[in-house]
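All remarks here apply to the structure that follows.
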Amino acid sequence: MNIKVNKESKKVTVSVSGRVDTNTSPELLEQLKKAMADAEELILDLADVNYVSSAGLRVILFAQKTMSAKGSMSVAHVCPDIMETFELTGFTDILNII
């Protein structure tokens, strides 16, 4: 998994590529915590993510809860397989998917 963070004032875009699973989700969590520290808007770009495990879903849910308390979060470029996972888990009702 690779993570790129792009900060523009209070807007942060976190682009992720690869698999978000039990092995990689702790790294994503740490990067998101840093990125969200002073952000008011978070965009989580999953264009190059091909798999999200339950551990990855927990990290995304953490980010959503954190950002809803102080701003907004959107998830962008979700592939059909990940979208199906979001639909089955009810995440489509929680997340702003663009």
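Ligands are numbered from 1 in the order shown, residues from 1 within each chain, and chains are lettered A, B, ... in the order they appear in the structure tokens.
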12 Å contact set for Phe62 (chain A), only C-alpha atoms, chain neighbours under 3 positions out, as a PDB file with C-alpha atoms, in the first residue's frame:
```
ATOM      1  CA  SER A  25      -4.537  -0.445   7.912  1.00  0.00           C
ATOM      2  CA  PRO A  26      -2.427   0.620  10.938  1.00  0.00           C
ATOM      3  CA  LEU A  28      -3.285   4.242   6.975  1.00  0.00           C
ATOM      4  CA  LEU A  29      -4.719   5.051  10.405  1.00  0.00           C
ATOM      5  CA  GLU A  30      -1.540   6.856  11.460  1.00  0.00           C
ATOM      6  CA  LEU A  32      -5.011   9.811   8.489  1.00  0.00           C
ATOM      7  CA  LYS A  33      -4.593  10.933  12.104  1.00  0.00           C
ATOM      8  CA  MET A  36      -6.843  15.183   9.965  1.00  0.00           C
ATOM      9  CA  ALA A  55      -9.749  -3.615   9.412  1.00  0.00           C
ATOM     10  CA  GLY A  56      -9.667  -1.094   6.579  1.00  0.00           C
ATOM     11  CA  LEU A  57     -13.371  -0.399   7.013  1.00  0.00           C
ATOM     12  CA  ARG A  58     -12.758   0.382  10.689  1.00  0.00           C
ATOM     13  CA  VAL A  59     -10.095   2.937   9.719  1.00  0.00           C
ATOM     14  CA  LYS A  65     -16.473   9.962  12.759  1.00  0.00           C
ATOM     15  CA  THR A  66     -13.486  12.206  13.408  1.00  0.00           C
ATOM     16  CA  MET A  67     -14.170  14.496  10.469  1.00  0.00           C
ATOM     17  CA  SER A  68     -17.929  14.715  11.036  1.00  0.00           C
ATOM     18  CA  ALA A  69     -17.168  16.339  14.393  1.00  0.00           C
ATOM     19  CA  MET A  73     -15.143  13.832   4.637  1.00  0.00           C
ATOM     20  CA  ILE A  94     -22.641   6.739   6.281  1.00  0.00           C
ATOM     21  CA  LEU A  95     -20.090   7.978   3.763  1.00  0.00           C
TER      22      LEU A  95
END
```
Problem - Expected answer as a PyMOL selection string: strand (DSSP E or B) residues in chain A - result: chain A and resi 2-8+11-20+41-52+72-76+97
Practice task
Just the alpha helix (DSSP H) stuff from chain A, please, per backbone DSSP, written as a PyMOL selection string.
Solution key: chain A and resi 25-36+54-68+80-89+91-94
Using the selection just defined, write its residues with C-alpha atoms as a short mmCIF file (atom, residue, chain, number, x, y, z; two decimals), in the first residue's frame.
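Listing of result-v2.cif after writing:
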```
data_model
loop_
_atom_site.label_atom_id
_atom_site.label_comp_id
_atom_site.auth_asym_id
_atom_site.auth_seq_id
_atom_site.Cartn_x
_atom_site.Cartn_y
_atom_site.Cartn_z
CA SER A 25 -4.54 -0.45 7.91
CA PRO A 26 -2.43 0.62 10.94
CA GLU A 27 -0.22 2.69 8.61
CA LEU A 28 -3.28 4.24 6.98
CA LEU A 29 -4.72 5.05 10.40
CA GLU A 30 -1.54 6.86 11.46
CA GLN A 31 -1.34 8.83 8.21
CA LEU A 32 -5.01 9.81 8.49
CA LYS A 33 -4.59 10.93 12.10
CA LYS A 34 -1.75 13.24 11.05
CA ALA A 35 -3.64 14.50 8.01
CA MET A 36 -6.84 15.18 9.97
CA SER A 54 -12.85 -5.19 7.83
CA ALA A 55 -9.75 -3.62 9.41
CA GLY A 56 -9.67 -1.09 6.58
CA LEU A 57 -13.37 -0.40 7.01
CA ARG A 58 -12.76 0.38 10.69
CA VAL A 59 -10.09 2.94 9.72
CA ILE A 60 -12.45 4.58 7.21
CA LEU A 61 -15.22 4.68 9.83
CA PHE A 62 -12.81 6.24 12.35
CA ALA A 63 -11.91 8.94 9.83
CA GLN A 64 -15.58 9.61 9.08
CA LYS A 65 -16.47 9.96 12.76
CA THR A 66 -13.49 12.21 13.41
CA MET A 67 -14.17 14.50 10.47
CA SER A 68 -17.93 14.72 11.04
CA PRO A 80 -17.12 -1.40 -8.18
CA ASP A 81 -15.74 -4.13 -5.89
CA ILE A 82 -15.14 -1.70 -3.02
CA MET A 83 -18.52 -0.06 -3.67
CA GLU A 84 -20.17 -3.47 -3.30
CA THR A 85 -18.42 -3.90 0.06
CA PHE A 86 -19.61 -0.44 1.12
CA GLU A 87 -23.17 -1.34 0.08
CA LEU A 88 -23.16 -4.68 1.91
CA THR A 89 -21.83 -3.12 5.12
CA PHE A 91 -21.20 2.32 4.51
CA THR A 92 -23.02 3.91 1.58
CA ASP A 93 -25.46 5.30 4.16
CA ILE A 94 -22.64 6.74 6.28
#
```
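One finds CA of Lys10 (chain A) at 28.5 Å from CA of Gly90 (chain A).
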Handout entry: Residues near Asn2 (chain A), cut-off 9 Å, only C-alpha atoms, skip fewer than 2 positions along chain, as a list in words
Key =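 In the requested form, the answer reads Lys4, Ser15, Val16, Ser17, Gly18, Arg19 and Leu28 of chain A.
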Practice task
Rank nothing, just name the residue among A:Val20, A:Ile97, A:Met1, A:Cys79 nearest to Ile43 (chain A), using only C-alpha atoms.
Solution key: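 Distance minimum relative to Ile43 (chain A) lands on A:Ile97.
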Hey, what's within 6 Å of Lys11 (chain A) if we count only C-alpha atoms and toss same-chain stuff fewer than 5 positions away? As a JSON list (two decimals) with N, CA and C atoms, in the first residue's frame, please?
```json
[["chain", "number", "residue", "atom", "x", "y", "z"],
["A", 39, "ALA", "N", -7.27, 19.58, 9.70],
["A", 39, "ALA", "CA", -8.09, 19.63, 8.49],
["A", 39, "ALA", "C", -9.55, 19.90, 8.83],
["A", 41, "GLU", "N", -11.65, 19.60, 5.92],
["A", 41, "GLU", "CA", -12.21, 18.79, 4.84],
["A", 41, "GLU", "C", -11.20, 17.71, 4.48],
["A", 42, "LEU", "N", -11.68, 16.48, 4.42],
["A", 42, "LEU", "CA", -10.84, 15.34, 4.06],
["A", 42, "LEU", "C", -11.44, 14.65, 2.86]]
```
Exercise for the section: Could you check how far CA of Asn50 (chain A) sits from CA of Val14 (chain A), in Å to one decimal? Expected result: 15.8 Å
